[in-house]
Amino acid sequence: MTTPEYPEDLERPGLVRTGRSTFVRPVRPEDADRLVAFVGSLSRATLAYRSLGPVVRARDDVIRRGAHVDYLNELALVALAGDEIAGLVRYVRDPEDPEHAEVTFTIRDDHQSEGFGRLLLEHIAAAARARGIRVLEADVLADNTRMINVFFGSGYRIETGPPGQIIHFEIAIDPQTLAVARAERREQTAVRRSLRPLLEPRSVAVIGANRSPLTIGHEIVANLLRGGFGGDVYPVNPRAERVAGTRAYASIAELPEPPELALVAVRAEAVPEAVRECAQAGVKAVVVVSTGFGETGPEGRATELELARSARSSGMRLVGPNCMGVVNTTPAARLAATFSPALPAPGRVAMSSQSGPLGLAVLDFARRLGLGFSGFVSVGHAVDVSTNDLLQWWEEDPGTSVILLHVETFGNPRRFARIARRIAPRKPIVAVHPGPADSAVSSLFAQSGVIRTRSLQELFDVALLLAHQPPPPGDRVAVITNAGGPAALTAGACAASGMRVPALGERTRQTLRAALAPHADVSNPVDLTPRATAAHYREALDAVLADDDVDAAIVLFMPPLADKADEVASAILDAAAARPDKPVVASFLAGAGVAELLHRGDLVVPTYTFPEAAAGSLGHAAAYQAWRSTPAGVVPDLPGVDVERARALLAGRPPGPVPERIATEVLASYGIAVRDTEPGPGPDAFLSVSSDPVFGPVVAFGLTGDYADLMADVVYRVTPLTDRDAREMVRSLRATPLLEGRGVEFAALEETVLRISAMVEDLPEIEALDLRPVRLLSPGDGVAVAHATIRVSANATGGTHS
């Protein structure tokens with residue numbers, strides 16, 4: 001008899017409702033002793049609920065057999081607390097009805113009411129769906145209110161048997177909208193609770209604290225002290241009595257209390273033991289600033305993944321390794337847990353950076369720029385705490401109004417796209433991403449509402465605007481200047497950024513003529529001439545901001561006399577304060593150090609060294625505002641979809657292409673017929689799905705042949721697609737006029753796009769899909785797919801974390 005293959009793809013970190021970290025994985029034969037210990041720890045009451053009545057404890061040999069499953073017809077998942085089992089869920093498939101399985105849950109007494117039941121239900125449901133199971137059945141005692149609440153609160157469709165001492169539940173585990181929404185809300189709550197000890201700790205230990213200044217361990221302690229941290233700081237160094245003037249301790253076990261947060265700054269080979277000691281001491285969060293892990297090769301990568309598993313199974317969150325720490329400037333929770341010599345001023349911008357060394361430059365540049373931060377986290381290799389986690393923290397943080405991201409990869413691309421689309425309508429997200437500067441990546445960011453920049457300079461330029469001024473309501477810009485050359489450059493930069501510099505209305509021009517010198521040019525740009533005074537700037541800015549056909553203003557100042565800069569800055573601030581609904585930005589050419597002049601209390605007019613940066617920032621902000629103001633559309637319910645049939649067709653498939661017959665049947669389950677037909681009156685099209693490392697499933701649409709190959713005329717969107725996404729997708733090709741003149745049924749094409757989107761959302765095991773060619777038939781005949789290929793991945797269950 002062959003040993004069943006262990007499904008590593010079911011290993012998942014998890015968070016329960018209280019914010020405690022755990023690690024969920026399939027049971028293994030070597031867990032036999034853990035199962036015996038787990039059952040032996042259960043109270044009589046818990047055993048009675050589990051066995052539906054009074055029982056005695058099962059024999060050890062029977063319990064041990066529970067560690068041996070085939071991972072298909074019988075599957076058990078354990079949630080770990082340290083090396084012990086905190087919760088267990090098991091399904092056994094019904095041999096007479098393979099789409100049904102009986103499921104049982106057991107939670108250790110000291111972990112009940114923490115949310116382990118809901119977490120394990122989500123994990124077992126995902127695993128069961130991937131194995132062709134449609135309904136989970138459970139028998140529950142009528143007074144087992146905790147388990148009953150888990151089922152009814154899941155969002156799945158629930159059917160119950162007649163009232164009695166025992167209630168029979170049938171749980172339809174298809175991922176309905178309500179179930180997904182509730183799971184995401186539970187995850188968000190759990191993530192925020194789990195991050196509180198990281199970002200708002202009451203006490204901090206520094207393992208590897210050094211007596212010598214300018215060393216990493218010393219500077220972390222010094223920054224915590226001078227940064228105004230209100231809790232206790234515990235340097236840990238077995239060879240020092242004091243570090244940075246503070247009493248040191250030989251080990252974390254000797255501290256007077258378990259610290260909520262620990263920073264680890266020791267050599268790489270000593271880090272695993274330090275993390276284990278933190279777990280044993282009851283530390284809630286760990287930041288590993290040490291290097292020498294994934295960047296060194298496969299062995300180092302394996303070590304850092306084991307660090308993450310160890311932390312999660314012990315209930316800790318872990319940042320890093322290879323990071324520079326955590327900063328929170330919130331007055332009630334000041335925390336400078338970093339070795340950076342530059343600490344940011346308080347502000348309303350939060351940032352996550354994946355590069356530790358880059359973070360040092362980021363904080364120094366932000367300080368010189370005058371950009372304040374509410375928080376900064378260097379996630380390093382992000383083996384546990386990820387950018388997705390931090391987004392959900394800052395989503396509800398009242399002190400954060402703009403979120404900046406330096407990202408290379410995401411642990412869970414599907415989650416990023418959904419989280420971003422949820423947050424971006426309320427708080428702008430600006431990301432610098434090192435991917436190719438092509439229309440595909442940029443359009444995917446734009447669809448999710450994320451402002452994508454191509455350099456750190458551009459990232460901070462945009463942040464400076466959004467942190468202090470509203471995004472412009474439209475794309476019309478007035479330029480005010482005292483020098484013609486810079487104004488022409490600015491007008492060109494506006495055009496390149498998607499903004500317009502339109503002629504001003506007659507009423508505005510009349511106002512300007514009456515207020516300005518005779519030789520001033522009152523068109524747009526408004527040239528005040530080099531003799532312009534601060535009063536002229538104030539009059540001109542007042543006039544253009546009062547114009548209903550102007551959405552924003554760029555003010556240029558080339559100081560002929562250095563002592564005029566402060567007067568002009570004051571005039572700009574006065575005018576901007578009078579019209580807070582329209583953004584004003586400035587460029588004081590040859591005026592180094594004038595940023596402080598355009599700052600008065602809470603009012604800041606962003607100032608840039610060169611006007612091109614001002615125009616580019618306005619362009620990004622205007623595009624963001626247009627996205628935010630556009631109706632979102634809806635993900636429609638599609639008739640003729642048989643999700644369960646499609647799941648059954650793909651259940652158990654090995655990674656790689658599926659047979660053509662199976663691909664055809666899967667598509668038919670979603671109302672898409674694959675049949676060879678004669679070409680239509682217009683060009684053929686294609687629809688494909690690929691997995692993007694940032695966004696997850698991406699749908700591409702274009703016309704076959706030279707249109708896509710030579711002209712790169714392809715449109716990309718992230719799933720799930722709304723009706724608006726599908727409509728824009730099929731109508732935004734440059735070659736769309738060719739289709740409009742051939743009688744193509746756009747509605748039929750849009751519906752096909754929506755059905756493909758629904759398929760890859762329902763079936764996360766689909767790694768890639770290609771429909772080619774898609775025949776665009778004569779009016780009345782719709783569209784037809786002539787050929788289809790589907791490829792499935794090894795990881796068929798998707799994931800919920802990070």
# chains A, B, ... in the order shown; residues from 1 in each chain; ligands from 1

call {"tool": "residues_around", "arguments": {"residues": "range 324-331 of chain A", "least_positions_apart": "2", "cutoff": "7 Å", "atoms": "only C-alpha atoms", "output": "PyMOL selection string"}}
result
chain A and resi 199+287+289+333-339+346+356+359+373-378

call {"tool": "select_by_dssp", "arguments": {"residues": "range 98-334 of chain A", "states": "strand (DSSP E)", "output": "PyMOL selection string"}}
result
chain A and resi 98-107+135-141+157-160+166-172+203-207+232-236+242-243+246-247+261-264+285-288+317-319+325-328

call {"tool": "residues_around", "arguments": {"residues": "range 481-489 of chain A", "least_positions_apart": "4", "cutoff": "8 Å", "atoms": "only C-alpha atoms", "output": "PyMOL selection string"}}
result
chain A and resi 493+525-532+555-558+611-612

call {"tool": "write_last_selection", "arguments": {"atoms": "N, CA, C and O atoms", "output": "tab-separated table (two decimals), in the first residue's frame"}}
result
chain	number	residue	atom	x	y	z
A	493	ALA	N	4.82	69.50	-19.60
A	493	ALA	CA	4.77	68.43	-18.60
A	493	ALA	C	3.33	68.10	-18.23
A	493	ALA	O	3.00	66.94	-17.98
A	525	PRO	N	-0.45	79.71	-19.82
A	525	PRO	CA	-0.05	80.21	-18.51
A	525	PRO	C	-0.22	81.73	-18.36
A	525	PRO	O	-0.13	82.48	-19.33
A	526	VAL	N	-0.42	82.12	-17.11
A	526	VAL	CA	-0.53	83.54	-16.76
A	526	VAL	C	0.88	84.02	-16.42
A	526	VAL	O	1.45	83.62	-15.40
A	527	ASP	N	1.45	84.89	-17.28
A	527	ASP	CA	2.82	85.38	-17.08
A	527	ASP	C	2.75	86.74	-16.42
A	527	ASP	O	2.36	87.74	-17.02
A	528	LEU	N	3.19	86.81	-15.17
A	528	LEU	CA	3.13	88.05	-14.40
A	528	LEU	C	4.30	88.98	-14.70
A	528	LEU	O	4.31	90.12	-14.20
A	529	THR	N	5.30	88.50	-15.45
A	529	THR	CA	6.55	89.20	-15.78
A	529	THR	C	7.48	89.23	-14.56
A	529	THR	O	7.03	89.09	-13.42
A	530	PRO	N	8.77	89.41	-14.80
A	530	PRO	CA	9.73	89.39	-13.68
A	530	PRO	C	9.49	90.48	-12.65
A	530	PRO	O	10.04	90.40	-11.55
A	531	ARG	N	8.71	91.50	-12.97
A	531	ARG	CA	8.47	92.58	-12.00
A	531	ARG	C	7.29	92.28	-11.08
A	531	ARG	O	6.88	93.12	-10.29
A	532	ALA	N	6.75	91.10	-11.15
A	532	ALA	CA	5.57	90.76	-10.35
A	532	ALA	C	5.88	90.86	-8.87
A	532	ALA	O	6.96	90.50	-8.39
A	555	VAL	N	2.02	77.17	-9.38
A	555	VAL	CA	2.60	78.50	-9.23
A	555	VAL	C	4.12	78.39	-9.36
A	555	VAL	O	4.76	77.65	-8.61
A	556	LEU	N	4.68	79.11	-10.32
A	556	LEU	CA	6.13	79.12	-10.53
A	556	LEU	C	6.69	80.46	-10.09
A	556	LEU	O	6.10	81.51	-10.35
A	557	PHE	N	7.84	80.43	-9.44
A	557	PHE	CA	8.47	81.67	-8.99
A	557	PHE	C	9.97	81.57	-9.22
A	557	PHE	O	10.64	80.70	-8.66
A	558	MET	N	10.46	82.42	-10.08
A	558	MET	CA	11.91	82.55	-10.30
A	558	MET	C	12.33	83.83	-9.59
A	558	MET	O	12.06	84.94	-10.09
A	611	PRO	N	9.32	72.22	-12.07
A	611	PRO	CA	7.88	72.22	-12.31
A	611	PRO	C	7.36	70.92	-12.92
A	611	PRO	O	6.19	70.60	-12.79
A	612	GLU	N	8.23	70.15	-13.61
A	612	GLU	CA	7.77	68.89	-14.18
A	612	GLU	C	7.25	67.95	-13.09
A	612	GLU	O	6.30	67.20	-13.30

call {"tool": "atom_distance", "arguments": {"atom1": "CA of Ala332 in chain A", "atom2": "CA of Leu263 in chain A"}}
result
20.7 Å

call {"tool": "residues_around", "arguments": {"residues": "Asn237 in chain A", "least_positions_apart": "6", "cutoff": "12 Å", "atoms": "only C-alpha atoms", "output": "compact mmCIF listing (two decimals) with N, CA and C atoms, in the first residue's frame"}}
result
# COMPACT_ATOMS: atom_id res chain seq x y z
N ALA A 205 11.65 44.60 24.05
CA ALA A 205 12.98 44.07 24.35
C ALA A 205 13.83 44.13 23.09
N VAL A 206 15.13 44.38 23.28
CA VAL A 206 16.07 44.39 22.16
C VAL A 206 17.12 43.32 22.42
N ILE A 207 17.02 42.21 21.70
CA ILE A 207 17.94 41.09 21.87
C ILE A 207 19.14 41.32 20.96
N GLY A 208 20.29 41.43 21.58
CA GLY A 208 21.49 41.81 20.81
C GLY A 208 21.81 43.28 21.01
N ALA A 209 21.25 43.87 22.07
CA ALA A 209 21.58 45.26 22.39
C ALA A 209 23.08 45.38 22.65
N ASN A 210 23.70 46.39 22.08
CA ASN A 210 25.16 46.53 22.13
C ASN A 210 25.53 47.77 22.91
N ARG A 211 26.62 47.66 23.67
CA ARG A 211 27.08 48.83 24.43
C ARG A 211 27.71 49.89 23.54
N SER A 212 28.20 49.50 22.37
CA SER A 212 28.95 50.45 21.52
C SER A 212 28.01 51.27 20.65
N GLY A 217 22.40 47.11 17.38
CA GLY A 217 21.74 46.83 18.64
C GLY A 217 21.69 48.01 19.58
N HIS A 218 22.71 48.84 19.56
CA HIS A 218 22.74 50.03 20.41
C HIS A 218 21.79 51.10 19.90
N VAL A 221 18.05 50.62 20.71
CA VAL A 221 17.73 51.02 22.09
C VAL A 221 17.71 52.53 22.20
N VAL A 243 22.92 49.46 28.68
CA VAL A 243 23.04 49.82 27.27
C VAL A 243 22.29 51.12 27.07
N THR A 246 20.48 52.38 30.05
CA THR A 246 19.35 51.61 30.56
C THR A 246 19.83 50.23 31.02
N ARG A 247 19.27 49.74 32.13
CA ARG A 247 19.68 48.44 32.66
C ARG A 247 19.48 47.35 31.61
N ALA A 248 20.50 46.49 31.47
CA ALA A 248 20.43 45.37 30.54
C ALA A 248 20.21 44.06 31.30
N TYR A 249 19.70 43.07 30.57
CA TYR A 249 19.41 41.76 31.16
C TYR A 249 20.14 40.69 30.36
N ALA A 250 20.48 39.58 31.06
CA ALA A 250 21.27 38.53 30.43
C ALA A 250 20.47 37.76 29.39
N SER A 251 19.19 37.60 29.58
CA SER A 251 18.35 36.86 28.64
C SER A 251 16.93 37.36 28.74
N ILE A 252 16.13 36.99 27.75
CA ILE A 252 14.74 37.44 27.76
C ILE A 252 13.96 36.75 28.88
N ALA A 253 14.42 35.57 29.30
CA ALA A 253 13.75 34.86 30.38
C ALA A 253 13.91 35.58 31.72
N GLU A 254 14.93 36.44 31.84
CA GLU A 254 15.18 37.14 33.09
C GLU A 254 14.48 38.49 33.19
N LEU A 255 13.74 38.88 32.16
CA LEU A 255 13.05 40.16 32.20
C LEU A 255 11.96 40.15 33.27
N VAL A 264 15.20 41.50 17.30
CA VAL A 264 16.31 40.56 17.31
C VAL A 264 17.40 41.09 16.40
N ALA A 265 18.56 41.38 16.98
CA ALA A 265 19.69 41.93 16.23
C ALA A 265 20.94 41.14 16.57
N VAL A 266 20.91 39.84 16.33
CA VAL A 266 22.06 38.98 16.58
C VAL A 266 22.46 38.33 15.26
N ALA A 274 16.90 32.61 19.43
CA ALA A 274 16.34 33.83 20.02
C ALA A 274 14.82 33.88 19.81

call {"tool": "residues_around", "arguments": {"residues": "Leu769 in chain A", "least_positions_apart": "3", "cutoff": "9 Å", "atoms": "only C-alpha atoms", "output": "CSV table (one decimal) with all heavy atoms, in the first residue's frame"}}
result
chain,number,residue,atom,x,y,z
A,687,LEU,N,-9.1,35.6,-25.6
A,687,LEU,CA,-9.2,35.9,-24.2
A,687,LEU,C,-8.3,34.9,-23.5
A,687,LEU,O,-8.3,33.7,-23.7
A,687,LEU,CB,-10.6,35.6,-23.7
A,687,LEU,CG,-11.6,36.8,-23.9
A,687,LEU,CD1,-13.1,36.2,-23.7
A,687,LEU,CD2,-11.3,37.9,-22.9
A,688,SER,N,-7.5,35.5,-22.6
A,688,SER,CA,-6.6,34.6,-21.8
A,688,SER,C,-6.5,35.0,-20.4
A,688,SER,O,-6.9,36.2,-20.0
A,688,SER,CB,-5.2,34.7,-22.4
A,688,SER,OG,-4.6,35.9,-22.3
A,689,VAL,N,-6.1,34.1,-19.5
A,689,VAL,CA,-5.9,34.4,-18.1
A,689,VAL,C,-4.5,33.9,-17.7
A,689,VAL,O,-4.1,32.8,-18.1
A,689,VAL,CB,-7.0,33.6,-17.2
A,689,VAL,CG1,-6.7,33.9,-15.8
A,689,VAL,CG2,-8.4,34.1,-17.6
A,690,SER,N,-3.8,34.7,-17.0
A,690,SER,CA,-2.5,34.3,-16.5
A,690,SER,C,-2.4,34.8,-15.0
A,690,SER,O,-3.2,35.6,-14.6
A,690,SER,CB,-1.4,35.0,-17.3
A,690,SER,OG,-1.5,36.4,-17.3
A,756,ILE,N,-15.7,34.1,-17.9
A,756,ILE,CA,-14.3,33.7,-17.7
A,756,ILE,C,-13.8,34.2,-16.3
A,756,ILE,O,-13.2,33.5,-15.6
A,756,ILE,CB,-13.3,34.3,-18.8
A,756,ILE,CG1,-13.6,33.5,-20.1
A,756,ILE,CG2,-11.9,34.1,-18.4
A,756,ILE,CD1,-13.4,32.0,-20.0
A,760,VAL,N,-12.4,31.8,-13.1
A,760,VAL,CA,-11.2,31.7,-12.4
A,760,VAL,C,-11.3,32.2,-10.9
A,760,VAL,O,-10.5,31.8,-10.1
A,760,VAL,CB,-10.1,32.6,-13.1
A,760,VAL,CG1,-9.8,32.0,-14.5
A,760,VAL,CG2,-10.5,34.1,-13.2
A,766,ILE,N,-7.2,27.0,-11.4
A,766,ILE,CA,-6.9,27.3,-12.8
A,766,ILE,C,-5.8,28.4,-12.8
A,766,ILE,O,-5.9,29.5,-12.3
A,766,ILE,CB,-8.1,27.9,-13.5
A,766,ILE,CG1,-9.2,26.8,-13.7
A,766,ILE,CG2,-7.7,28.5,-14.9
A,766,ILE,CD1,-10.4,27.2,-14.4
A,788,ALA,N,-9.8,26.0,-26.8
A,788,ALA,CA,-9.5,26.4,-25.5
A,788,ALA,C,-8.5,25.5,-24.8
A,788,ALA,O,-8.5,24.3,-25.0
A,788,ALA,CB,-10.8,26.4,-24.7
A,789,THR,N,-7.6,26.1,-24.0
A,789,THR,CA,-6.7,25.3,-23.2
A,789,THR,C,-6.8,25.8,-21.7
A,789,THR,O,-7.0,27.0,-21.5
A,789,THR,CB,-5.2,25.5,-23.7
A,789,THR,OG1,-4.9,26.9,-23.6
A,789,THR,CG2,-5.1,24.9,-25.1
A,790,ILE,N,-6.6,24.9,-20.8
A,790,ILE,CA,-6.6,25.2,-19.4
A,790,ILE,C,-5.5,24.5,-18.7
A,790,ILE,O,-5.2,23.3,-19.0
A,790,ILE,CB,-8.0,24.8,-18.7
A,790,ILE,CG1,-9.1,25.6,-19.2
A,790,ILE,CG2,-7.9,24.9,-17.2
A,790,ILE,CD1,-10.5,25.1,-18.7
A,791,ARG,N,-4.8,25.2,-17.8
A,791,ARG,CA,-3.7,24.6,-17.0
A,791,ARG,C,-4.0,24.8,-15.6
A,791,ARG,O,-4.4,25.9,-15.1
A,791,ARG,CB,-2.3,25.3,-17.4
A,791,ARG,CG,-1.2,24.5,-16.8
A,791,ARG,CD,0.2,25.1,-17.2
A,791,ARG,NE,0.5,26.4,-16.7
A,791,ARG,CZ,0.6,27.5,-17.5
A,791,ARG,NH1,0.4,27.4,-18.8
A,791,ARG,NH2,0.9,28.6,-16.9
A,792,VAL,N,-3.8,23.8,-14.8
A,792,VAL,CA,-4.1,23.9,-13.3
A,792,VAL,C,-2.8,23.9,-12.6
A,792,VAL,O,-1.7,23.4,-13.1
A,792,VAL,CB,-5.0,22.8,-12.8
A,792,VAL,CG1,-6.4,22.9,-13.5
A,792,VAL,CG2,-4.4,21.4,-13.1

call {"tool": "closest_atom_pairs", "arguments": {"of": "range 616-639 of chain A", "to": "range 734-753 of chain A", "cutoff": "12 Å", "atoms": "only C-alpha atoms", "output": "CSV"}}
result
residue,atom,partner,partner_atom,distance
A:Val635,CA,A:Glu751,CA,11.3
A:Pro636,CA,A:Glu751,CA,9.7
A:Asp637,CA,A:Glu751,CA,10.9
A:Leu638,CA,A:Glu751,CA,8.6
A:Pro639,CA,A:Glu751,CA,10.6

call {"tool": "residues_around", "arguments": {"residues": "His123 in chain A", "least_positions_apart": "5", "cutoff": "12 Å", "atoms": "only C-alpha atoms", "output": "ChimeraX atom specification"}}
result
/A:9-15,23-26,75-79,88-91,116-118,128-130,154,173,183,797-801

call {"tool": "residues_around", "arguments": {"residues": "Lys582 in chain A", "least_positions_apart": "3", "cutoff": "12 Å", "atoms": "only C-alpha atoms", "output": "PyMOL selection string"}}
result
chain A and resi 465-466+468-478+541-542+544-554+575-579+585+605+618+621-622

call {"tool": "atom_distance", "arguments": {"atom1": "CA of Val694 in chain A", "atom2": "CA of Pro413 in chain A"}}
result
5.0 Å

call {"tool": "select_by_dssp", "arguments": {"residues": "range 129-349 of chain A", "states": "alpha helix (DSSP H)", "output": "number ranges by chain"}}
result
A: 129-130, 145-152, 177-199, 216-226, 271-281, 298-313
